[in-house]
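Shown next: query.txt, given as compact mmCIF, C-alpha atoms.
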# COMPACT_ATOMS: atom_id res chain seq x y z
CA MET A 1 -4.26 66.57 189.92
CA VAL A 2 -2.14 68.62 187.49
CA VAL A 3 -3.77 71.68 185.89
CA TYR A 4 -2.40 73.64 182.91
CA ILE A 5 -3.41 77.29 182.41
CA ARG A 6 -2.62 78.61 178.91
CA THR A 7 -5.07 81.51 178.47
CA GLN A 8 -2.99 84.63 177.95
CA GLY A 9 -4.03 87.51 180.17
CA ALA A 10 -5.73 85.20 182.65
CA ARG A 11 -5.66 86.00 186.35
CA ILE A 12 -5.81 83.56 189.27
CA ILE A 13 -7.54 84.90 192.37
CA ARG A 14 -8.68 83.39 195.64
CA GLU A 15 -12.36 83.28 196.49
CA GLY A 16 -13.07 81.63 199.82
CA ARG A 17 -11.47 78.19 199.93
CA HIS A 18 -10.93 77.85 196.21
CA LEU A 19 -9.28 79.68 193.32
CA LEU A 20 -10.83 81.22 190.24
CA VAL A 21 -9.16 81.57 186.85
CA LYS A 22 -10.58 84.75 185.33
CA LYS A 23 -10.16 86.62 182.04
CA GLU A 24 -11.52 90.14 182.45
CA GLN A 25 -15.02 89.58 183.91
CA ASP A 26 -15.37 85.94 182.84
CA THR A 27 -14.61 82.99 185.14
CA LEU A 28 -12.89 80.28 183.10
CA HIS A 29 -12.13 77.66 185.77
CA THR A 30 -12.62 76.93 189.44
CA LEU A 31 -9.67 75.25 191.16
CA PHE A 32 -9.85 73.42 194.47
CA THR A 33 -6.42 73.65 196.06
CA TYR A 34 -6.83 70.49 198.13
CA LYS A 35 -7.10 68.54 194.87
CA LEU A 36 -4.08 70.17 193.20
CA ASP A 37 -0.64 68.60 193.05
CA GLN A 38 0.83 70.89 190.40
CA LEU A 39 -0.25 74.06 188.59
CA VAL A 40 1.50 74.77 185.28
CA LEU A 41 1.25 78.32 183.91
CA PHE A 42 2.12 79.29 180.33
CA GLY A 43 3.14 82.83 179.44
CA SER A 44 1.23 85.85 180.72
CA VAL A 45 -0.84 84.43 183.59
CA GLU A 46 -1.03 86.43 186.81
CA ILE A 47 -1.54 85.16 190.37
CA THR A 48 -2.71 87.40 193.22
CA HIS A 49 -0.92 87.38 196.56
CA ALA A 50 -3.88 85.71 198.28
CA ALA A 51 -3.92 82.96 195.65
CA LEU A 52 -0.17 82.39 196.05
CA VAL A 53 -0.55 82.07 199.82
CA SER A 54 -3.31 79.50 199.34
CA LEU A 55 -1.19 77.49 196.88
CA MET A 56 1.82 77.49 199.23
CA ARG A 57 -0.27 76.48 202.24
CA HIS A 58 -1.54 73.48 200.31
CA ALA A 59 1.99 72.63 199.08
CA VAL A 60 1.04 73.00 195.41
CA ASP A 61 4.00 73.00 193.04
CA VAL A 62 3.54 76.02 190.72
CA VAL A 63 5.54 75.85 187.47
CA PHE A 64 6.09 78.84 185.18
CA LEU A 65 6.70 78.21 181.47
CA SER A 66 6.98 80.54 178.51
CA VAL A 67 3.96 80.68 176.24
CA ASN A 68 5.62 78.01 174.08
CA GLY A 69 6.51 75.71 176.95
CA ARG A 70 10.08 76.63 177.86
CA PHE A 71 10.79 76.21 181.58
CA LEU A 72 11.25 79.50 183.45
CA GLY A 73 11.02 78.63 187.13
CA ARG A 74 8.76 77.39 189.91
CA LEU A 75 7.24 78.31 193.23
CA SER A 76 7.14 75.48 195.74
CA SER A 77 6.43 75.00 199.41
CA ALA A 78 9.04 74.72 202.16
CA GLU A 79 11.75 72.08 201.87
CA ALA A 80 11.16 68.67 203.43
CA LYS A 81 12.09 68.54 207.10
CA ASN A 82 14.30 65.43 206.93
CA VAL A 83 17.66 67.18 207.03
CA PHE A 84 19.41 63.90 207.82
CA LEU A 85 18.26 62.42 204.51
CA ARG A 86 19.57 65.39 202.57
CA LYS A 87 22.81 65.30 204.56
CA ARG A 88 23.25 61.67 203.56
CA GLN A 89 22.47 62.51 199.93
CA PHE A 90 25.15 65.21 199.83
CA GLU A 91 27.69 63.02 201.61
CA LEU A 92 27.26 60.40 198.89
CA LEU A 93 28.16 62.98 196.24
CA ASP A 94 31.73 62.61 197.53
CA ASN A 95 31.60 58.80 197.45
CA PRO A 96 33.02 57.71 194.06
CA GLY A 97 32.01 54.09 194.59
CA PHE A 98 28.39 54.93 195.24
CA GLY A 99 28.27 57.38 192.33
CA LEU A 100 29.71 54.82 189.94
CA LEU A 101 27.26 52.13 191.06
CA VAL A 102 24.14 54.28 190.78
CA THR A 103 25.08 55.92 187.47
CA LYS A 104 25.77 52.51 185.91
CA SER A 105 22.25 51.43 186.87
CA ILE A 106 20.63 54.60 185.53
CA VAL A 107 22.49 54.49 182.22
CA ALA A 108 22.02 50.74 181.78
CA GLY A 109 18.27 51.27 182.13
CA LYS A 110 18.24 54.12 179.64
CA LEU A 111 20.37 52.27 177.07
CA ALA A 112 18.22 49.15 177.36
CA ASN A 113 15.08 51.22 176.77
CA LEU A 114 16.62 53.02 173.79
CA ALA A 115 17.57 49.69 172.21
CA THR A 116 14.12 48.23 172.86
CA LEU A 117 12.37 51.16 171.23
CA LEU A 118 14.64 50.98 168.17
CA ASN A 119 13.96 47.25 167.88
CA ARG A 120 10.23 47.98 167.89
CA ILE A 121 10.76 50.48 165.07
CA LYS A 122 12.78 47.87 163.18
CA ARG A 123 10.06 45.22 163.49
CA THR A 124 7.10 47.49 162.84
CA LYS A 125 8.57 49.60 160.06
CA ASP A 126 11.00 47.02 158.67
CA GLU A 127 13.86 49.50 159.10
CA PRO A 128 17.26 47.74 159.16
CA LEU A 129 19.09 50.86 160.41
CA ALA A 130 17.04 50.84 163.61
CA GLY A 131 18.10 47.24 164.27
CA VAL A 132 21.75 48.03 163.56
CA LYS A 133 21.78 50.96 165.97
CA ALA A 134 19.89 48.96 168.60
CA GLN A 135 22.55 46.28 168.42
CA ALA A 136 25.30 48.89 168.70
CA ILE A 137 23.64 50.30 171.82
CA GLN A 138 23.31 46.82 173.34
CA GLU A 139 27.02 46.26 172.73
CA LEU A 140 27.73 49.24 174.98
CA LEU A 141 26.16 47.51 177.99
CA PRO A 142 29.08 45.16 178.83
CA LEU A 143 31.49 48.08 178.37
CA LEU A 144 29.33 50.14 180.71
CA ALA A 145 29.39 47.36 183.30
CA SER A 146 33.19 47.46 183.38
CA ALA A 147 33.46 51.28 183.50
CA GLU A 148 35.75 52.51 186.26
CA SER A 149 34.59 56.12 186.58
CA VAL A 150 31.45 58.22 186.36
CA ASP A 151 32.99 60.14 183.47
CA SER A 152 33.27 56.88 181.53
CA VAL A 153 29.63 56.13 182.31
CA ARG A 154 28.65 59.55 180.98
CA GLY A 155 30.63 58.81 177.85
CA TYR A 156 28.71 55.59 177.20
CA GLU A 157 25.41 57.38 177.85
CA GLY A 158 26.38 60.04 175.32
CA LYS A 159 27.46 57.46 172.74
CA GLY A 160 24.25 55.48 173.18
CA THR A 161 22.13 58.61 172.82
CA ALA A 162 23.96 59.59 169.63
CA LEU A 163 23.43 56.11 168.14
CA TYR A 164 19.77 56.24 169.10
CA PHE A 165 19.06 59.54 167.39
CA GLU A 166 20.72 58.32 164.21
CA ALA A 167 17.90 55.78 163.84
CA PHE A 168 14.99 57.34 165.75
CA PRO A 169 13.89 59.42 162.70
CA LYS A 170 13.09 56.11 160.93
CA GLY A 171 10.15 55.65 163.29
CA PHE A 172 8.11 58.45 161.75
CA VAL A 173 5.59 58.21 158.93
CA GLY A 174 6.25 60.96 156.41
CA ASP A 175 8.95 63.61 156.25
CA TRP A 176 8.95 66.02 159.20
CA GLY A 177 12.39 67.44 158.55
CA PHE A 178 13.76 65.55 161.56
CA THR A 179 17.20 64.08 161.01
CA ARG A 180 18.87 64.60 164.39
CA ARG A 181 18.24 65.96 167.88
CA VAL A 182 18.38 69.77 167.74
CA ARG A 183 17.62 72.01 170.69
CA ARG A 184 17.91 75.68 171.66
CA PRO A 185 16.08 76.25 169.47
CA PRO A 186 14.30 73.21 168.00
CA THR A 187 14.21 73.74 164.24
CA ASP A 188 11.63 71.16 163.12
CA PRO A 189 8.28 69.90 164.45
CA VAL A 190 9.63 66.68 165.97
CA ASN A 191 12.37 68.42 167.92
CA SER A 192 9.85 71.02 169.06
CA VAL A 193 7.57 68.33 170.52
CA LEU A 194 10.45 66.36 172.05
CA SER A 195 11.70 69.46 173.86
CA LEU A 196 8.21 70.27 175.11
CA LEU A 197 7.56 66.74 176.37
CA TYR A 198 10.95 66.59 178.07
CA THR A 199 9.99 69.80 179.91
CA PHE A 200 6.66 68.31 180.99
CA LEU A 201 8.39 65.12 182.08
CA MET A 202 11.01 67.07 184.05
CA ASN A 203 8.27 68.89 185.95
CA ARG A 204 6.60 65.63 186.94
CA VAL A 205 9.88 64.01 187.99
CA TYR A 206 10.75 67.11 190.01
CA ALA A 207 7.44 66.79 191.88
CA ALA A 208 8.15 63.09 192.49
CA VAL A 209 11.62 63.88 193.86
CA ARG A 210 10.12 66.42 196.26
CA ILE A 211 7.50 63.88 197.39
CA ALA A 212 10.39 61.54 198.24
CA ALA A 213 11.94 64.37 200.32
CA LEU A 214 15.14 64.31 198.24
CA ASP A 215 17.11 67.35 197.15
CA PRO A 216 16.54 67.87 193.39
CA TYR A 217 19.97 69.48 192.87
CA ALA A 218 22.16 66.68 194.21
CA GLY A 219 22.46 64.15 191.39
CA PHE A 220 25.13 61.74 190.24
CA LEU A 221 24.96 61.15 186.49
CA HIS A 222 24.38 64.80 185.66
CA SER A 223 27.22 66.80 187.14
CA ILE A 224 26.13 69.22 189.81
CA ASP A 225 26.03 72.84 188.70
CA TYR A 226 24.49 76.11 189.80
CA GLY A 227 20.71 75.89 189.30
CA ARG A 228 20.77 72.43 187.67
CA TYR A 229 18.22 69.87 188.88
CA SER A 230 20.80 67.11 188.58
CA LEU A 231 18.87 64.40 190.43
CA VAL A 232 15.70 65.19 188.50
CA LEU A 233 17.60 64.83 185.23
CA ASP A 234 19.13 61.57 186.48
CA LEU A 235 15.76 60.01 187.23
CA MET A 236 14.28 61.27 183.94
CA GLU A 237 16.67 59.25 181.81
CA GLU A 238 14.92 55.86 181.87
CA PHE A 239 11.56 57.56 181.22
CA ARG A 240 12.60 59.65 178.22
CA PRO A 241 12.13 56.80 175.69
CA ILE A 242 9.27 55.18 177.66
CA ILE A 243 7.10 58.30 177.90
CA ALA A 244 8.31 61.23 175.80
CA ASP A 245 9.80 59.49 172.75
CA THR A 246 7.04 56.92 172.27
CA LEU A 247 4.43 59.65 172.72
CA THR A 248 6.15 61.80 170.10
CA LEU A 249 5.94 58.92 167.62
CA SER A 250 2.25 58.48 168.39
CA LEU A 251 1.43 62.18 168.04
CA PHE A 252 2.87 62.33 164.54
CA ASN A 253 2.13 58.85 163.23
CA LEU A 254 -1.49 58.85 164.39
CA LYS A 255 -1.84 62.28 162.75
CA ILE A 256 -2.79 64.00 165.99
CA LEU A 257 -0.32 66.67 164.87
CA GLN A 258 -0.26 68.00 161.31
CA LYS A 259 2.21 70.27 159.56
CA ASP A 260 -0.06 73.32 159.86
CA ASP A 261 0.01 72.89 163.66
CA PHE A 262 3.51 74.42 163.63
CA TYR A 263 4.96 77.76 162.69
CA ILE A 264 8.43 79.24 162.38
CA GLU A 265 8.97 82.08 164.84
CA ARG A 266 10.68 84.95 163.10
CA PRO A 267 11.11 88.52 164.34
CA LEU A 268 7.80 90.40 164.28
CA ASN A 269 6.02 87.25 163.08
CA GLU A 270 3.76 85.52 165.61
CA GLY A 271 1.87 82.30 164.95
CA LEU A 272 -1.93 82.29 165.06
CA SER A 273 -4.02 79.60 166.71
CA THR A 274 -5.88 77.19 164.46
CA LEU A 275 -8.69 75.26 166.12
CA SER A 276 -9.19 71.63 165.19
CA PRO A 277 -12.68 70.13 165.70
CA GLN A 278 -11.81 66.52 164.95
CA PRO A 279 -11.58 64.03 167.87
CA ILE A 280 -8.12 63.15 169.14
CA PRO A 281 -7.05 59.50 168.68
CA ASP A 282 -6.12 57.61 171.83
CA VAL A 283 -2.32 57.74 171.97
CA THR A 284 -2.19 54.97 174.57
CA GLN A 285 -3.38 52.47 171.94
CA ASP A 286 -0.23 52.83 169.85
CA PRO A 287 1.58 49.53 170.58
CA ILE A 288 5.05 51.01 170.18
CA GLY A 289 4.50 52.91 173.42
CA TRP A 290 3.41 49.97 175.58
CA ILE A 291 5.64 48.99 178.49
CA THR A 292 5.44 45.40 177.22
CA THR A 293 4.51 44.02 173.82
CA ASP A 294 3.30 40.65 175.13
CA THR A 295 -0.24 41.73 174.22
CA PRO A 296 -0.92 41.44 170.47
CA ALA A 297 -1.12 44.79 168.72
CA PRO A 298 -4.50 45.79 167.27
CA GLU A 299 -4.55 45.24 163.50
CA VAL A 300 -6.03 48.68 162.90
CA LEU A 301 -2.84 50.38 164.04
CA ASP A 302 0.42 50.58 162.15
CA LEU A 303 3.50 52.13 163.61
CA PRO A 304 2.35 54.86 162.26
CA GLU A 305 19.05 67.49 178.41
CA GLN A 306 20.94 64.74 178.62
CA THR A 307 24.02 64.52 180.82
CA GLY A 308 26.29 67.32 181.98
CA LEU A 309 28.15 67.07 178.66
CA GLU A 310 26.99 69.97 176.51
CA ASN A 311 28.17 69.06 173.01
CA LEU A 312 27.39 65.39 172.47
CA ALA A 313 26.92 64.15 168.93
CA GLY A 314 23.24 63.96 168.16
CA MET A 315 22.42 66.85 170.53
CA VAL A 316 23.07 69.69 168.11
CA ARG A 317 22.37 73.37 168.63
CA THR A 318 21.71 75.64 165.68
CA GLY A 319 21.19 79.33 165.08
CA LYS A 320 18.02 78.87 162.98
CA TYR A 321 14.63 80.21 163.91
CA PRO A 322 12.63 78.01 166.30
CA VAL A 323 9.68 75.90 165.17
CA LYS A 324 6.79 76.15 167.64
CA LEU A 325 3.34 74.70 168.22
CA ARG A 326 0.18 76.64 167.62
CA ASP A 327 -2.22 77.08 170.49
CA ASP A 328 -4.69 74.28 169.83
CA ALA A 329 -1.92 71.85 168.95
CA MET A 330 -0.34 72.62 172.34
CA ARG A 331 -3.64 71.63 173.96
CA ARG A 332 -3.60 68.30 172.13
CA VAL A 333 -0.03 67.59 173.23
CA ILE A 334 -0.89 68.36 176.85
CA GLU A 335 -3.98 66.13 176.73
CA ALA A 336 -1.96 63.31 175.16
CA PHE A 337 0.81 63.65 177.75
CA GLU A 338 -1.64 63.47 180.64
CA LYS A 339 -3.39 60.52 178.96
CA LYS A 340 -0.06 58.76 178.59
CA LEU A 341 0.68 59.16 182.30
CA THR A 342 -2.58 57.40 183.18
CA THR A 343 -1.54 54.29 181.23
CA GLN A 344 -1.16 51.29 183.50
CA PHE A 345 1.42 48.51 183.35
CA PHE A 346 2.52 45.72 185.66
CA TYR A 347 5.36 46.97 187.86
CA PRO A 348 7.30 44.02 189.32
CA PRO A 349 8.82 45.79 192.37
CA ALA A 350 5.33 46.76 193.58
CA GLU A 351 3.79 43.48 192.33
CA ARG A 352 0.79 45.35 191.00
CA GLN A 353 -0.43 47.62 188.22
CA LEU A 354 0.84 51.20 188.31
CA THR A 355 0.32 54.18 186.04
CA TYR A 356 3.34 55.92 184.57
CA ALA A 357 2.60 58.88 186.88
CA GLU A 358 2.67 56.56 189.90
CA ALA A 359 5.86 54.92 188.62
CA LEU A 360 7.64 58.28 188.60
CA ILE A 361 6.87 58.65 192.31
CA TYR A 362 7.69 55.02 193.07
CA GLN A 363 11.09 55.30 191.38
CA SER A 364 11.96 58.43 193.36
CA GLN A 365 11.03 56.65 196.57
CA HIS A 366 13.08 53.65 195.45
CA PHE A 367 16.04 55.96 194.87
CA ARG A 368 15.58 57.31 198.39
CA LYS A 369 15.88 53.75 199.71
CA VAL A 370 19.17 53.43 197.83
CA ILE A 371 20.39 56.68 199.43
CA GLU A 372 19.39 55.43 202.88
CA GLY A 373 20.97 52.01 202.32
CA GLU A 374 17.67 50.10 202.41
CA ALA A 375 18.17 48.98 198.79
CA ALA A 376 21.51 47.78 197.48
CA VAL A 377 21.15 49.03 193.89
CA TYR A 378 18.86 51.26 191.87
CA GLN A 379 16.55 49.31 189.53
CA PRO A 380 15.25 51.33 186.55
CA VAL A 381 11.90 50.78 184.82
CA LEU A 382 12.40 48.85 181.58
CA LEU A 383 10.47 48.46 178.35
CA LYS A 384 9.94 44.83 177.51

Structure encoded using structure tokens:
Amino acid sequence: MVVYIRTQGARIIREGRHLLVKKEQDTLHTLFTYKLDQLVLFGSVEITHAALVSLMRHAVDVVFLSVNGRFLGRLSSAEAKNVFLRKRQFELLDNPGFGLLVTKSIVAGKLANLATLLNRIKRTKDEPLAGVKAQAIQELLPLLASAESVDSVRGYEGKGTALYFEAFPKGFVGDWGFTRRVRRPPTDPVNSVLSLLYTFLMNRVYAAVRIAALDPYAGFLHSIDYGRYSLVLDLMEEFRPIIADTLTLSLFNLKILQKDDFYIERPLNEGLSTLSPQPIPDVTQDPIGWITTDTPAPEVLDLPEQTGLENLAGMVRTGKYPVKLRDDAMRRVIEAFEKKLTTQFFYPPAERQLTYAEALIYQSQHFRKVIEGEAAVYQPVLLK
């Protein structure tokens, strides 16, 4: 179970075998630590020492975010005891052949998923540009297969991402001011939601990597750097379009998010929460986000950090003021994200139905098998 605490000024205390989330004298939630996998705290939320000890004893991953969802840090239990696995993982960082093989697989999966999503936009929205860019991405795949270095692989990943974001804006109904990927800070509603969902996704992949007893810092596609979760970022890549990008389309095109759900943060100007009483549409019913489109789409629905390279085209930074979500809109995004992760699809390697949340764990365990030599090559999850 993953629990999000967003009430500013809340305090988490231990009472017996469980935790209480309190605001002044009121008890807002009761948390049972044996049921918790991850606790995500936004902004000014305090935890007592006794509560922290309880969370660590139950190996609960505690993630700290800013009030608007920017990642700050985490508190986690002791490292996995399999030192020989981590030793093998770090040894392979110095094996160019292994690095080239695994990064080709990761990037091939990501590029294939980017192209598939653009082709869905082309068919559903009748947008020729999406088809053109999808074809251009697909043409990178044979070049990727013949790449002779990890740097070349990173270059193809960057080129594919740039092509993708040239056409991705065509998937949205209405004008949201989104023309390209902008981060630090995001300067339009779409970029704001993409950044938030990528943060949520990173936290879930991090937890999956830890479950697999791998070191989150020792990755291959994303160059290793001080404090960078390189392996987590590696294993996120195939899931960015599958989970975060398709969900972003659904949130806007199904009108779960409206323009007044966002505000521009300027000095001395804070956004105020606006409650929304209307029911939230089921984002998992948007056919563009399905793992496979073999099932006919319901007629009632119309389509309504990347690598270690810091300055790729399509990943632009600006000096403008950030656009941020209001409080109740944040709740809707969190609910939609968790709903998305419960979506099931047939996963061929397991020969059974898995949820996206389970697939994140399965892929990390699959990557461990590649590290240990039990699997010859990493197989990414693909949209069909």

Residue nearest Val102 (chain A) among A:Tyr164, A:Arg331, A:Lys320, A:Ser149 (counting all atoms listed in the file): A:Ser149

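Counting all atoms listed in the file, the residue from A:Val60, A:Ala50, A:Ile121, A:Val182 that sits nearest to Arg17 (chain A) is A:Ala50.
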
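Of the listed residues A:Ala244, A:Ser230, A:Ala336, A:Ala207, the one whose atoms come nearest to Gln365 (chain A) is A:Ala207, with distances taken using all atoms listed in the file.
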
Considering all atoms listed in the file, can you say which of A:Leu325, A:Leu111, A:Ala162, A:Val132 comes closest to Pro189 (chain A)?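 Checking each candidate against Pro189 (chain A), we get A:Leu325 as the closest.
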
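Between Thr343 (chain A) and the candidates A:Val190, A:Ile242, A:Met330, A:Thr33, the tightest atom-to-atom separation, counting all atoms listed in the file, involves A:Ile242.
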
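Going from CA of Ala357 (chain A) to CA of Thr342 (chain A) covers 6.5 Å.
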
Exercise: residues within 10 Å of coordinate (19.1, 56.0, 204.0), counting only C-alpha atoms, as a PyMOL selection string: chain A and resi 84-86+88-89+367-375

Leaving out Leu201 (chain A) and any residue of its chain fewer than 6 positions from it, which residues lie within 9 Å of it when counting only C-alpha atoms, given as a count of residues only? 6

Just want the 12 Å neighbourhood of Ala115 (chain A), counted on only C-alpha atoms, with same-chain residues fewer than 6 positions away dropped. Output as JSON, numbers by chain. {"A": [108, 109, 121, 122, 129, 130, 131, 132, 133, 134, 135, 136, 137, 138, 139, 140, 141, 160, 161, 163, 164, 165, 167, 168, 238, 241, 242, 382, 383, 384]}

Polymer residues at most 10 Å from Gln363 (chain A), only C-alpha atoms, same-chain spacing of 2 or more positions, as a list in words: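 The residues satisfying every condition are Val205, Ala208, Val209, Ala212, Leu235, Pro349, Glu358, Ala359, Leu360, Ile361, Gln365, His366, Phe367, Arg368, Lys369, Tyr378, Gln379, Pro380 and Val381 of chain A.
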
Need the shell around Ala80 (chain A): protein/DNA/RNA residues with any atom at most 9 Å away, counting all atoms listed in the file. Skip same-chain ones fewer than 5 positions apart. Format as a list in words? Arg210, Ile211, Ala212, Ala213, Leu214 and Asp215 of chain A

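Across the structure, CA of Gly174 (chain A) and CA of Thr248 (chain A) are spaced 13.7 Å apart.
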
Ranking A:Phe345, A:His49, A:Leu72, A:Glu79 by minimum distance to Pro216 (chain A) and counting all atoms listed in the file, which one comes first? A:Glu79

Between CA of Thr103 (chain A) and CA of Glu166 (chain A), measure the distance and give it in Å to one decimal.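 These two atoms are separated by 23.8 Å.
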